[in-house]
>>> print(open('model-v1.txt').read())   # compact mmCIF, C-alpha atoms
# COMPACT_ATOMS: atom_id res chain seq x y z
CA MET C 17 -47.14 -3.82 -20.43
CA SER C 18 -48.61 -1.66 -17.64
CA LYS C 19 -48.62 -3.05 -14.14
CA LEU C 20 -52.40 -3.19 -14.16
CA ASN C 21 -52.50 -5.12 -17.43
CA SER C 22 -49.96 -7.64 -16.14
CA LEU C 23 -52.38 -8.70 -13.37
CA ALA C 24 -54.51 -11.80 -13.79
CA ILE C 25 -58.01 -10.83 -12.59
CA SER C 26 -60.95 -13.17 -12.44
CA ASP C 27 -64.60 -12.15 -12.60
CA ASN C 28 -64.89 -13.31 -8.99
CA GLY C 29 -62.52 -10.58 -7.84
CA PHE C 30 -59.41 -12.74 -7.42
CA ILE C 31 -56.26 -10.86 -8.41
CA PHE C 32 -52.97 -12.67 -9.09
CA LYS C 33 -49.77 -10.67 -9.46
CA PRO C 34 -47.42 -12.88 -11.56
CA SER C 35 -44.30 -10.83 -10.81
CA THR C 36 -44.42 -11.54 -7.08
CA GLY C 37 -46.78 -14.49 -6.73
CA GLU C 38 -49.05 -12.49 -4.43
CA SER C 39 -52.80 -12.78 -4.62
CA PHE C 40 -55.57 -10.45 -3.45
CA THR C 41 -59.32 -10.45 -3.35
CA THR C 42 -61.41 -7.46 -4.25
CA ASN C 43 -65.10 -6.59 -4.11
CA GLU C 44 -67.40 -5.59 -6.93
CA LEU C 45 -66.41 -1.93 -6.61
CA GLY C 46 -62.69 -2.72 -6.79
CA LEU C 47 -63.25 -4.87 -9.84
CA LEU C 48 -65.22 -2.09 -11.50
CA ILE C 49 -62.49 0.48 -10.76
CA ILE C 50 -59.77 -1.80 -12.14
CA ASN C 51 -61.73 -2.44 -15.32
CA TYR C 52 -62.36 1.28 -15.87
CA LEU C 53 -58.69 2.06 -15.22
CA LYS C 54 -57.72 -0.55 -17.79
CA GLU C 55 -60.10 1.08 -20.26
CA GLY C 56 -58.21 4.35 -19.68
CA LYS C 57 -61.09 6.24 -18.07
CA SER C 58 -60.27 9.39 -16.06
CA ALA C 59 -60.94 9.74 -12.32
CA ASP C 60 -63.97 11.95 -12.99
CA GLU C 61 -65.40 9.45 -15.44
CA ILE C 62 -64.90 6.59 -12.97
CA ILE C 63 -66.54 8.59 -10.16
CA SER C 64 -69.48 9.25 -12.42
CA GLU C 65 -69.76 5.54 -13.27
CA ILE C 66 -69.61 4.60 -9.57
CA THR C 67 -72.39 7.04 -8.63
CA GLU C 68 -74.59 5.54 -11.31
CA GLU C 69 -73.73 1.89 -10.63
CA PHE C 70 -73.95 1.99 -6.82
CA ASP C 71 -76.38 4.85 -6.25
CA VAL C 72 -73.99 6.90 -4.08
CA ASP C 73 -73.15 10.61 -4.11
CA THR C 74 -70.07 12.03 -5.81
CA ILE C 75 -68.18 12.63 -2.54
CA SER C 76 -68.55 9.00 -1.40
CA ALA C 77 -67.67 7.70 -4.86
CA GLY C 78 -64.57 9.91 -4.97
CA ARG C 79 -63.45 8.75 -1.52
CA ASP C 80 -63.91 5.11 -2.51
CA LEU C 81 -61.98 5.61 -5.74
CA TYR C 82 -58.99 7.36 -4.14
CA GLU C 83 -58.84 4.84 -1.29
CA TYR C 84 -58.73 2.07 -3.84
CA LEU C 85 -56.11 3.86 -5.93
CA ASP C 86 -54.00 4.18 -2.75
CA PHE C 87 -54.32 0.43 -2.22
CA LEU C 88 -53.28 -0.34 -5.80
CA LYS C 89 -50.26 1.99 -5.52
CA ARG C 90 -49.26 0.60 -2.12
CA GLU C 91 -49.28 -2.91 -3.54
CA ASN C 92 -47.32 -1.75 -6.58
CA MET C 93 -50.09 -2.67 -8.98
CA LEU C 94 -50.39 0.77 -10.58
CA ASP C 95 -47.75 2.61 -12.66
CA MET W 11 -33.27 -41.81 -26.83
CA GLU W 12 -36.98 -42.68 -26.57
CA ASN W 13 -36.53 -46.14 -28.06
CA LYS W 14 -33.62 -47.35 -26.00
CA LYS W 15 -34.43 -48.26 -22.44
CA LEU W 16 -32.16 -46.33 -20.10
CA THR W 17 -31.29 -47.36 -16.59
CA ILE W 18 -31.30 -44.25 -14.43
CA ALA W 19 -30.05 -44.28 -10.84
CA ILE W 20 -31.37 -41.59 -8.52
CA THR W 21 -30.63 -40.63 -4.93
CA GLY W 22 -32.68 -38.47 -2.58
CA LEU W 23 -35.66 -40.78 -2.01
CA ASN W 24 -36.23 -39.24 1.42
CA ASN W 25 -39.62 -37.67 0.76
CA ILE W 26 -39.95 -36.52 4.35
CA ASP W 27 -40.62 -33.16 6.01
CA SER W 28 -37.30 -31.91 4.67
CA PRO W 29 -37.63 -33.71 1.36
CA GLY W 30 -34.92 -34.82 -1.01
CA PRO W 31 -35.48 -34.22 -4.72
CA GLY W 32 -35.38 -37.89 -5.79
CA VAL W 33 -39.11 -38.59 -5.93
CA PRO W 34 -40.04 -35.49 -7.98
CA VAL W 35 -37.05 -36.12 -10.27
CA ILE W 36 -38.38 -39.61 -10.94
CA ARG W 37 -41.87 -38.22 -11.55
CA GLY W 38 -40.39 -35.82 -14.12
CA ILE W 39 -38.60 -38.65 -15.91
CA LYS W 40 -41.75 -40.79 -15.90
CA ASP W 41 -43.74 -37.87 -17.38
CA SER W 42 -41.21 -37.49 -20.20
CA GLY W 43 -40.79 -39.59 -23.31
CA ILE W 44 -37.79 -41.37 -21.82
CA ASN W 45 -38.09 -45.13 -21.61
CA ALA W 46 -36.48 -45.65 -18.23
CA ARG W 47 -35.77 -48.27 -15.63
CA ILE W 48 -35.42 -46.41 -12.34
CA ILE W 49 -32.89 -47.54 -9.76
CA GLY W 50 -33.28 -45.89 -6.37
CA LEU W 51 -30.16 -45.34 -4.30
CA ALA W 52 -31.04 -44.86 -0.63
CA TYR W 53 -28.96 -44.04 2.43
CA GLU W 54 -31.60 -44.89 5.04
CA ASN W 55 -33.82 -47.95 5.13
CA LEU W 56 -36.98 -45.92 5.72
CA GLU W 57 -36.69 -43.45 2.86
CA PRO W 58 -40.28 -43.33 1.58
CA GLY W 59 -39.28 -43.49 -2.10
CA ILE W 60 -38.12 -47.08 -1.59
CA TYR W 61 -41.65 -48.18 -0.79
CA MET W 62 -43.77 -45.91 -3.00
CA PRO W 63 -45.70 -48.04 -5.49
CA GLU W 64 -44.59 -47.90 -9.13
CA LEU W 65 -41.89 -45.34 -8.43
CA VAL W 66 -38.61 -47.26 -8.50
CA ASP W 67 -37.96 -50.58 -10.21
CA LYS W 68 -35.29 -51.52 -7.68
CA THR W 69 -33.59 -49.86 -4.73
CA TYR W 70 -30.12 -50.35 -3.29
CA LEU W 71 -28.83 -49.04 -0.01
CA MET W 72 -25.68 -46.95 -0.28
CA PRO W 73 -23.02 -46.26 2.33
CA PHE W 74 -23.01 -42.65 3.53
CA PRO W 75 -20.54 -40.49 1.61
CA SER W 76 -18.78 -39.80 4.91
CA THR W 77 -17.83 -43.52 5.03
CA GLY W 78 -15.22 -42.71 2.40
CA SER W 79 -14.82 -42.92 -1.33
CA GLU W 80 -13.64 -46.55 -1.40
CA ALA W 81 -16.80 -48.03 0.10
CA PHE W 82 -18.90 -45.63 -1.93
CA LEU W 83 -17.32 -46.61 -5.25
CA GLU W 84 -17.28 -50.29 -4.40
CA ARG W 85 -21.01 -50.21 -3.80
CA LEU W 86 -21.65 -48.29 -7.00
CA GLU W 87 -19.56 -50.81 -8.96
CA TYR W 88 -21.57 -53.66 -7.45
CA ILE W 89 -24.87 -51.98 -8.38
CA HIS W 90 -23.61 -51.11 -11.86
CA LYS W 91 -22.56 -54.71 -12.45
CA LYS W 92 -26.09 -55.84 -11.71
CA GLU W 93 -28.01 -53.01 -13.34
CA GLN W 94 -25.78 -51.48 -16.07
CA ILE W 95 -26.57 -47.92 -15.08
CA ASP W 96 -26.66 -45.43 -17.98
CA ILE W 97 -27.29 -42.24 -16.01
CA ILE W 98 -26.90 -41.23 -12.41
CA ILE W 99 -28.60 -38.20 -10.85
CA PRO W 100 -27.22 -37.43 -7.38
CA ASN W 101 -29.53 -35.16 -5.40
CA PHE W 102 -27.72 -34.43 -2.14
CA ASP W 103 -25.19 -31.66 -1.55
CA SER W 104 -23.22 -33.96 0.73
CA GLU W 105 -22.66 -36.64 -1.94
CA LEU W 106 -21.95 -34.32 -4.86
CA TYR W 107 -18.27 -33.96 -4.06
CA LEU W 108 -17.71 -37.69 -4.54
CA PHE W 109 -19.81 -37.90 -7.68
CA ILE W 110 -18.00 -34.95 -9.24
CA LYS W 111 -14.58 -36.21 -8.16
CA PHE W 112 -15.16 -39.63 -9.66
CA SER W 113 -17.26 -38.56 -12.65
CA ASP W 114 -14.52 -39.54 -15.14
CA GLN W 115 -14.19 -42.93 -13.51
CA LEU W 116 -17.96 -43.38 -13.59
CA LEU W 117 -18.04 -42.39 -17.25
CA LYS W 118 -15.40 -45.00 -18.05
CA MET W 119 -17.72 -47.53 -16.45
CA GLY W 120 -20.50 -46.26 -18.74
CA ILE W 121 -22.34 -44.17 -16.14
CA HIS W 122 -23.23 -40.69 -17.39
CA ALA W 123 -23.96 -37.68 -15.22
CA PHE W 124 -24.46 -33.99 -15.87
CA LEU W 125 -22.85 -32.23 -12.95
CA PRO W 126 -20.99 -29.00 -12.25
CA THR W 127 -17.21 -29.06 -12.45
CA MET W 128 -15.28 -29.33 -9.19
CA ASN W 129 -14.31 -25.67 -9.47
CA GLN W 130 -17.94 -24.59 -10.00
CA PHE W 131 -19.01 -26.76 -7.09
CA GLU W 132 -16.33 -25.45 -4.73
CA GLU W 133 -16.43 -21.75 -5.49
CA ARG W 134 -20.16 -21.30 -4.79
CA HIS W 135 -19.88 -22.66 -1.24
CA LYS W 136 -21.65 -20.56 1.38
CA ASP W 137 -18.37 -19.64 3.05
CA ASN W 138 -17.07 -18.29 -0.27
CA LEU W 139 -20.15 -16.31 -1.30
CA PRO W 140 -18.65 -12.78 -0.86
CA GLU W 141 -15.70 -13.63 -3.15
CA TYR W 142 -18.07 -15.30 -5.59
CA ALA W 143 -20.28 -12.23 -5.65
CA LYS W 144 -17.32 -9.94 -6.26
CA LYS W 145 -15.97 -12.10 -9.06
CA TYR W 146 -19.31 -12.38 -10.87
CA ASN W 147 -20.80 -9.00 -9.92
CA ILE W 148 -23.74 -10.25 -7.87
CA LEU W 149 -25.33 -8.62 -4.82
CA VAL W 150 -25.04 -10.75 -1.64
CA PRO W 151 -25.62 -10.06 2.06
CA ASP W 152 -22.56 -9.53 4.25
CA SER W 153 -21.37 -12.82 5.65
CA LYS W 154 -18.52 -14.45 7.48
CA PRO W 155 -17.51 -18.09 7.87
CA ILE W 156 -16.58 -18.90 11.45
CA MET W 157 -14.73 -21.84 12.98
CA ASN W 158 -15.35 -21.05 16.63
CA SER W 159 -18.35 -19.72 18.56
CA ASP W 160 -16.10 -17.08 20.21
CA GLU W 161 -15.97 -15.36 16.84
CA LEU W 162 -19.66 -14.49 17.26
CA SER W 163 -18.60 -11.79 19.74
CA ASN W 164 -16.29 -10.14 17.23
CA LEU W 165 -18.18 -10.21 13.96
CA PRO W 166 -16.89 -7.65 11.50
CA LYS W 167 -19.09 -4.61 10.88
CA PRO W 168 -21.67 -4.17 9.42
CA LEU W 169 -22.80 -7.69 10.46
CA SER W 170 -25.41 -7.27 13.18
CA TYR W 171 -28.58 -8.84 14.56
CA PRO W 172 -30.68 -10.29 13.18
CA TYR W 173 -28.50 -12.59 11.15
CA TYR W 174 -28.72 -16.15 9.92
CA ILE W 175 -26.38 -18.84 11.08
CA LYS W 176 -26.04 -21.50 8.41
CA GLY W 177 -24.78 -25.07 8.32
CA LYS W 178 -22.11 -26.04 5.81
CA PHE W 179 -24.54 -28.10 3.74
CA TYR W 180 -28.03 -27.59 5.11
CA GLU W 181 -30.12 -25.67 7.63
CA ALA W 182 -30.20 -22.05 8.69
CA PHE W 183 -31.50 -20.34 11.81
CA LYS W 184 -32.33 -16.70 12.44
CA VAL W 185 -30.39 -15.34 15.41
CA VAL W 186 -31.21 -12.26 17.47
CA ASN W 187 -28.79 -12.60 20.39
CA LYS W 188 -25.48 -14.20 21.29
CA SER W 189 -26.77 -17.14 23.31
CA GLN W 190 -28.96 -18.16 20.37
CA GLY W 191 -25.93 -17.81 18.10
CA VAL W 192 -23.76 -20.06 20.26
CA TYR W 193 -26.54 -22.65 20.56
CA TYR W 194 -27.05 -22.85 16.79
CA PHE W 195 -23.31 -22.74 16.09
CA ASN W 196 -22.83 -25.84 18.24
CA LYS W 197 -25.84 -27.57 16.73
CA LEU W 198 -24.85 -26.89 13.10
CA SER W 199 -21.13 -27.55 13.49
CA ALA W 200 -21.86 -30.90 15.17
CA LYS W 201 -24.24 -31.91 12.40
CA TRP W 202 -22.62 -30.55 9.23
CA GLY W 203 -19.05 -29.70 10.21
CA LEU W 204 -17.10 -26.47 9.88
CA PRO W 205 -17.18 -23.70 8.91
CA VAL W 206 -20.52 -22.35 10.00
CA VAL W 207 -21.56 -19.22 8.12
CA VAL W 208 -23.01 -16.06 9.63
CA GLN W 209 -25.04 -14.17 7.06
CA GLN W 210 -26.76 -10.81 7.52
CA ALA W 211 -30.56 -11.10 7.43
CA ILE W 212 -32.03 -9.02 4.61
CA HIS W 213 -35.57 -7.73 4.90
CA GLY W 214 -37.61 -8.82 1.91
CA THR W 215 -39.30 -11.71 0.16
CA GLU W 216 -37.45 -14.94 -0.60
CA VAL W 217 -37.61 -15.92 -4.23
CA ASN W 218 -36.06 -18.98 -5.85
CA VAL W 219 -35.05 -20.13 -9.28
CA ILE W 220 -34.46 -23.64 -10.53
CA ALA W 221 -32.15 -23.55 -13.52
CA LEU W 222 -30.09 -25.74 -15.81
CA GLY W 223 -26.87 -24.65 -17.47
CA ASP W 224 -25.34 -26.47 -20.43
CA GLY W 225 -21.74 -25.86 -19.35
CA GLU W 226 -21.16 -23.46 -22.25
CA GLY W 227 -22.79 -20.46 -20.60
CA ASN W 228 -26.31 -21.07 -21.91
CA THR W 229 -29.34 -21.33 -19.66
CA VAL W 230 -31.25 -24.33 -20.93
CA SER W 231 -34.06 -23.94 -18.44
CA ALA W 232 -35.08 -21.55 -15.65
CA VAL W 233 -38.25 -21.27 -13.61
CA ALA W 234 -38.82 -18.70 -10.86
CA MET W 235 -40.87 -19.46 -7.77
CA ARG W 236 -41.95 -17.90 -4.50
CA LYS W 237 -42.58 -20.05 -1.46
CA GLN W 238 -46.13 -19.60 -0.23
CA TYR W 239 -45.95 -21.85 2.79
CA ILE W 240 -42.74 -22.50 4.67
CA THR W 241 -42.29 -25.20 7.29
CA ASP W 242 -40.44 -24.69 10.56
CA LYS W 243 -37.45 -26.26 8.80
CA GLY W 244 -37.58 -23.52 6.20
CA LYS W 245 -38.77 -25.88 3.48
CA ALA W 246 -41.37 -24.92 0.91
CA TRP W 247 -44.65 -26.70 1.50
CA GLY W 248 -46.34 -24.66 -1.18
CA GLY W 249 -45.07 -22.40 -3.93
CA ILE W 250 -46.08 -20.55 -7.06
CA THR W 251 -44.28 -19.78 -10.33
CA LEU W 252 -43.46 -16.14 -11.00
CA ASN W 253 -43.04 -13.89 -13.98
CA ASP W 254 -40.04 -11.99 -12.67
CA GLU W 255 -37.83 -10.83 -15.54
CA ARG W 256 -35.10 -9.36 -13.34
CA LEU W 257 -34.79 -12.60 -11.41
CA LEU W 258 -34.38 -14.57 -14.62
CA GLU W 259 -31.86 -12.00 -15.91
CA ILE W 260 -29.76 -12.57 -12.79
CA THR W 261 -30.00 -16.33 -13.35
CA HIS W 262 -28.87 -16.04 -16.97
CA HIS W 263 -26.03 -13.76 -15.88
CA ILE W 264 -24.75 -16.24 -13.29
CA ILE W 265 -24.94 -19.19 -15.67
CA LYS W 266 -23.28 -17.22 -18.47
CA GLU W 267 -20.46 -15.92 -16.29
CA THR W 268 -19.76 -19.20 -14.50
CA LYS W 269 -20.53 -21.47 -17.48
CA TRP W 270 -22.51 -23.50 -15.01
CA ARG W 271 -22.95 -27.15 -15.93
CA GLY W 272 -25.94 -28.99 -14.54
CA ALA W 273 -28.94 -28.11 -12.43
CA MET W 274 -28.92 -25.51 -9.70
CA GLU W 275 -31.19 -23.65 -7.33
CA LEU W 276 -30.68 -19.98 -6.62
CA GLU W 277 -32.10 -18.56 -3.41
CA LEU W 278 -32.47 -14.79 -3.31
CA ILE W 279 -34.11 -12.11 -1.22
CA LYS W 280 -36.00 -9.42 -3.11
CA THR W 281 -36.13 -6.20 -1.10
CA ASP W 282 -38.91 -3.62 -1.18
CA ASP W 283 -36.55 -1.44 -3.26
CA GLY W 284 -36.38 -4.14 -5.91
CA ASP W 285 -32.82 -5.28 -5.16
CA TYR W 286 -32.01 -8.99 -5.27
CA TYR W 287 -29.56 -10.45 -2.78
CA LEU W 288 -28.26 -13.91 -3.56
CA ILE W 289 -28.23 -15.88 -0.31
CA GLU W 290 -27.37 -19.35 -1.55
CA ILE W 291 -26.61 -21.49 -4.60
CA ASN W 292 -27.53 -25.13 -4.33
CA PRO W 293 -25.57 -27.08 -6.94
CA ARG W 294 -28.29 -29.61 -7.69
CA ILE W 295 -31.97 -30.06 -8.48
CA PRO W 296 -34.16 -28.73 -5.64
CA ALA W 297 -37.03 -30.72 -4.11
CA TRP W 298 -39.62 -28.44 -5.74
CA VAL W 299 -38.49 -29.44 -9.25
CA TYR W 300 -41.87 -30.97 -10.07
CA LEU W 301 -43.37 -27.46 -10.08
CA ALA W 302 -41.07 -26.63 -12.99
CA VAL W 303 -42.23 -29.82 -14.74
CA GLY W 304 -45.85 -28.81 -14.13
CA ALA W 305 -45.19 -25.32 -15.43
CA GLY W 306 -43.74 -26.64 -18.68
CA GLN W 307 -40.02 -27.22 -18.17
CA ASN W 308 -39.09 -30.84 -17.53
CA ILE W 309 -35.65 -30.34 -16.01
CA PRO W 310 -35.09 -34.00 -14.99
CA GLU W 311 -35.71 -35.03 -18.59
CA MET W 312 -33.32 -32.34 -19.86
CA VAL W 313 -30.64 -33.44 -17.37
CA CYS W 314 -30.88 -37.01 -18.69
CA ARG W 315 -30.66 -35.87 -22.31
CA LEU W 316 -27.66 -33.64 -21.62
CA ALA W 317 -25.98 -36.43 -19.66
CA MET W 318 -26.32 -38.70 -22.69
CA GLY W 319 -24.73 -36.05 -24.90
CA GLU W 320 -27.90 -34.92 -26.66
CA GLU W 321 -28.33 -31.33 -27.69
CA VAL W 322 -31.08 -29.71 -25.65
CA LYS W 323 -32.55 -26.48 -26.97
CA PRO W 324 -33.07 -23.78 -24.33
CA VAL W 325 -36.66 -23.42 -23.12
CA THR W 326 -37.74 -19.97 -22.02
CA GLU W 327 -41.50 -20.27 -21.71
CA TYR W 328 -43.35 -21.56 -18.69
CA GLU W 329 -46.72 -20.96 -17.09
CA TYR W 330 -46.95 -18.30 -14.40
CA GLY W 331 -49.22 -18.86 -11.44
CA LYS W 332 -48.70 -22.64 -11.37
CA MET W 333 -48.73 -23.85 -7.79
CA PHE W 334 -47.56 -26.84 -5.85
CA ILE W 335 -48.79 -27.93 -2.45
CA ARG W 336 -47.04 -30.79 -0.67
CA TYR W 337 -48.93 -33.31 1.35
CA SER W 338 -48.16 -36.23 3.56
CA TRP W 339 -49.63 -39.65 2.91
CA ASP W 340 -49.35 -42.81 4.96
CA LEU W 341 -48.10 -45.72 2.88
CA ILE W 342 -48.92 -49.18 4.14
CA GLY W 343 -45.89 -51.40 3.73
CA ASP W 344 -45.02 -54.99 4.39
CA ILE W 345 -42.44 -56.09 6.92
CA ALA W 346 -41.02 -58.45 4.27
CA ASP W 347 -39.94 -55.45 2.14
CA PHE W 348 -38.38 -53.78 5.14
CA GLU W 349 -36.59 -57.02 5.93
CA LYS W 350 -35.09 -57.20 2.42
CA ILE W 351 -33.69 -53.70 2.73
CA ILE W 352 -32.27 -54.41 6.20
CA ILE W 353 -30.79 -57.81 5.45
CA PHE W 354 -29.78 -57.58 1.77
CA GLY W 355 -29.56 -53.82 1.27
CA GLU W 356 -31.78 -54.02 -1.78
CA LEU W 357 -35.43 -54.26 -2.70
>>> encode(input="model-v1.txt", output="structure tokens")
Amino acid sequence: MSKLNSLAISDNGFIFKPSTGESFTTNELGLLIINYLKEGKSADEIISEITEEFDVDTISAGRDLYEYLDFLKRENMLD
Amino acid sequence: MENKKLTIAITGLNNIDSPGPGVPVIRGIKDSGINARIIGLAYENLEPGIYMPELVDKTYLMPFPSTGSEAFLERLEYIHKKEQIDIIIPNFDSELYLFIKFSDQLLKMGIHAFLPTMNQFEERHKDNLPEYAKKYNILVPDSKPIMNSDELSNLPKPLSYPYYIKGKFYEAFKVVNKSQGVYYFNKLSAKWGLPVVVQQAIHGTEVNVIALGDGEGNTVSAVAMRKQYITDKGKAWGGITLNDERLLEITHHIIKETKWRGAMELELIKTDDGDYYLIEINPRIPAWVYLAVGAGQNIPEMVCRLAMGEEVKPVTEYEYGKMFIRYSWDLIGDIADFEKIIIFGEL
């Protein structure tokens, strides 16, 4: 199972990592990114979805995505 | 076993800020299908478990193990004569030696227990951990047992600050300079005796496992947990069950290699690199056992069944993300109950 799929994520943005017992909270954007990653969407597809969903330009959406990916990697939640 | 009423004696009723496991063990038994009469064995007359409503059917005061085996056995014989104990579950490190030493004698009296062998009990002592690790191929921090505070000035390399200084049975303090080391050495040696163990501090997250071995090398039960809230005495005030396969693998390995018999608690540090350092093995049920019960593995029940010679099938499943949070609660007692414990040693 991928690290992302092993997380327990609620619709409220509460993330529980069963392997370490840690928990995190995330906002609507983070939740959206995680769900798209789980669906196997590419970075470009996710950026496109973010621009549509939040009415932001591509540069801002890209920055938000890569910042969030950094967070997920730092916390060992992404393969 | 469900039909026959069993009389089960349990120590560790001190549900205080550094709690004994007795109360959660009793809760586990009461949650199970075992038809039990619970006899509390207390060392202090204000152990909360004595007074908690509907917890124990009867409590007897016991002499401290340090009083000597004669007084200890005499008291047990007296209690057994009155109660016909079927099972005894000792919950303190400091009393285990006596219970293990006299387990055959207790069995002849009709009192069953499910405890480690004397060899298993002795070889996992804190002061023997490096040899234990070598023998069973386990990663442990560098450590050294010391008999004198002068030895703190000449600790073998690579032991360095910060390190933990640990009491023979209980308590550990983080030390960052020599004066702290001497202070805690004196404190711990006076309280728990010698040796005192110096153990290298490892940077990482403490993780724990409660486990039960059948004595044949099989792990009957194992639940992993991370402390979420730790008191100034280092005790878990909150914790959560984990899905940590490597941690459970290590547990199975230790039980298989040592053929561990009985309950145990493993304390390990998980480093950022994913290494696990074993820092302690407690040869008994830990105070957080009720989390394992809540997560789906009733270890107190399994201990009773194994003690009575039943076959207990290994349980591997439990719920991840189950939490416990301790709380304090003021019981209102009656002086008459206190009087009975003081004057007669039973309630």
>>> interface_residues(input="model-v1.txt", of="chain C", to="chain W", cutoff="9 Å", atoms="only C-alpha atoms", output="ChimeraX atom specification")
/C:32-38
>>> atom_distance(input="model-v1.txt", atom1="CA of Asn187 in chain W", atom2="CA of Ser170 in chain W")
9.6 Å
>>> atom_distance(input="model-v1.txt", atom1="CA of Lys136 in chain W", atom2="CA of Glu267 in chain W")
18.3 Å
>>> residues_around(input="model-v1.txt", residues="Pro155 in chain W", least_positions_apart="4", cutoff="6 Å", atoms="only C-alpha atoms", output="NGL selection string")
:W and (137 or 205-207)
>>> atom_distance(input="model-v1.txt", atom1="CA of Ile95 in chain W", atom2="CA of Gly120 in chain W")
7.3 Å
>>> residues_around(input="model-v1.txt", residues="range 22-25 of chain W", least_positions_apart="2", cutoff="8 Å", atoms="only C-alpha atoms", output="list of chain:residue names")
W:Ile20, W:Asp27, W:Ser28, W:Pro29, W:Gly30, W:Pro31, W:Gly32, W:Val33, W:Gly50, W:Leu51, W:Ala52, W:Leu56, W:Glu57, W:Pro58, W:Gly59, W:Ile60, W:Pro100, W:Asn101, W:Phe102
>>> write_last_selection(input="model-v1.txt", atoms="C-alpha atoms", output="PDB file, in the coordinates of the input")
ATOM      1  CA  ILE W  20     -31.370 -41.590  -8.520  1.00  0.00           C
ATOM      2  CA  ASP W  27     -40.620 -33.160   6.010  1.00  0.00           C
ATOM      3  CA  SER W  28     -37.300 -31.910   4.670  1.00  0.00           C
ATOM      4  CA  PRO W  29     -37.630 -33.710   1.360  1.00  0.00           C
ATOM      5  CA  GLY W  30     -34.920 -34.820  -1.010  1.00  0.00           C
ATOM      6  CA  PRO W  31     -35.480 -34.220  -4.720  1.00  0.00           C
ATOM      7  CA  GLY W  32     -35.380 -37.890  -5.790  1.00  0.00           C
ATOM      8  CA  VAL W  33     -39.110 -38.590  -5.930  1.00  0.00           C
ATOM      9  CA  GLY W  50     -33.280 -45.890  -6.370  1.00  0.00           C
ATOM     10  CA  LEU W  51     -30.160 -45.340  -4.300  1.00  0.00           C
ATOM     11  CA  ALA W  52     -31.040 -44.860  -0.630  1.00  0.00           C
ATOM     12  CA  LEU W  56     -36.980 -45.920   5.720  1.00  0.00           C
ATOM     13  CA  GLU W  57     -36.690 -43.450   2.860  1.00  0.00           C
ATOM     14  CA  PRO W  58     -40.280 -43.330   1.580  1.00  0.00           C
ATOM     15  CA  GLY W  59     -39.280 -43.490  -2.100  1.00  0.00           C
ATOM     16  CA  ILE W  60     -38.120 -47.080  -1.590  1.00  0.00           C
ATOM     17  CA  PRO W 100     -27.220 -37.430  -7.380  1.00  0.00           C
ATOM     18  CA  ASN W 101     -29.530 -35.160  -5.400  1.00  0.00           C
ATOM     19  CA  PHE W 102     -27.720 -34.430  -2.140  1.00  0.00           C
TER      20      PHE W 102
END
>>> residues_around(input="model-v1.txt", residues="Leu53 in chain C", least_positions_apart="6", cutoff="9 Å", atoms="all atoms listed in the file", output="ChimeraX atom specification")
/C:20,59,62
>>> residues_around(input="model-v1.txt", residues="range 284-292 of chain W", least_positions_apart="2", cutoff="7 Å", atoms="all atoms listed in the file", output="number ranges by chain")
W: 134, 136, 149-151, 274-282, 294
>>> residues_near_point(input="model-v1.txt", point="(-39.7, -24.7, -14.1)", cutoff="12 Å", atoms="all atoms listed in the file", output="short mmCIF file (atom, residue, chain, number, x, y, z; two decimals) with C-alpha atoms, keeping the file's coordinate frame")
data_model
loop_
_atom_site.label_atom_id
_atom_site.label_comp_id
_atom_site.auth_asym_id
_atom_site.auth_seq_id
_atom_site.Cartn_x
_atom_site.Cartn_y
_atom_site.Cartn_z
CA GLY W 38 -40.39 -35.82 -14.12
CA ASN W 218 -36.06 -18.98 -5.85
CA VAL W 219 -35.05 -20.13 -9.28
CA ILE W 220 -34.46 -23.64 -10.53
CA ALA W 221 -32.15 -23.55 -13.52
CA LEU W 222 -30.09 -25.74 -15.81
CA VAL W 230 -31.25 -24.33 -20.93
CA SER W 231 -34.06 -23.94 -18.44
CA ALA W 232 -35.08 -21.55 -15.65
CA VAL W 233 -38.25 -21.27 -13.61
CA ALA W 234 -38.82 -18.70 -10.86
CA MET W 235 -40.87 -19.46 -7.77
CA ARG W 236 -41.95 -17.90 -4.50
CA GLY W 249 -45.07 -22.40 -3.93
CA ILE W 250 -46.08 -20.55 -7.06
CA THR W 251 -44.28 -19.78 -10.33
CA LEU W 252 -43.46 -16.14 -11.00
CA ASN W 253 -43.04 -13.89 -13.98
CA LEU W 258 -34.38 -14.57 -14.62
CA ALA W 273 -28.94 -28.11 -12.43
CA MET W 274 -28.92 -25.51 -9.70
CA GLU W 275 -31.19 -23.65 -7.33
CA ILE W 295 -31.97 -30.06 -8.48
CA PRO W 296 -34.16 -28.73 -5.64
CA ALA W 297 -37.03 -30.72 -4.11
CA TRP W 298 -39.62 -28.44 -5.74
CA VAL W 299 -38.49 -29.44 -9.25
CA TYR W 300 -41.87 -30.97 -10.07
CA LEU W 301 -43.37 -27.46 -10.08
CA ALA W 302 -41.07 -26.63 -12.99
CA VAL W 303 -42.23 -29.82 -14.74
CA GLY W 304 -45.85 -28.81 -14.13
CA ALA W 305 -45.19 -25.32 -15.43
CA GLY W 306 -43.74 -26.64 -18.68
CA GLN W 307 -40.02 -27.22 -18.17
CA ASN W 308 -39.09 -30.84 -17.53
CA ILE W 309 -35.65 -30.34 -16.01
CA PRO W 310 -35.09 -34.00 -14.99
CA GLU W 311 -35.71 -35.03 -18.59
CA MET W 312 -33.32 -32.34 -19.86
CA VAL W 325 -36.66 -23.42 -23.12
CA THR W 326 -37.74 -19.97 -22.02
CA GLU W 327 -41.50 -20.27 -21.71
CA TYR W 328 -43.35 -21.56 -18.69
CA GLU W 329 -46.72 -20.96 -17.09
CA TYR W 330 -46.95 -18.30 -14.40
CA GLY W 331 -49.22 -18.86 -11.44
CA LYS W 332 -48.70 -22.64 -11.37
CA MET W 333 -48.73 -23.85 -7.79
CA PHE W 334 -47.56 -26.84 -5.85
#
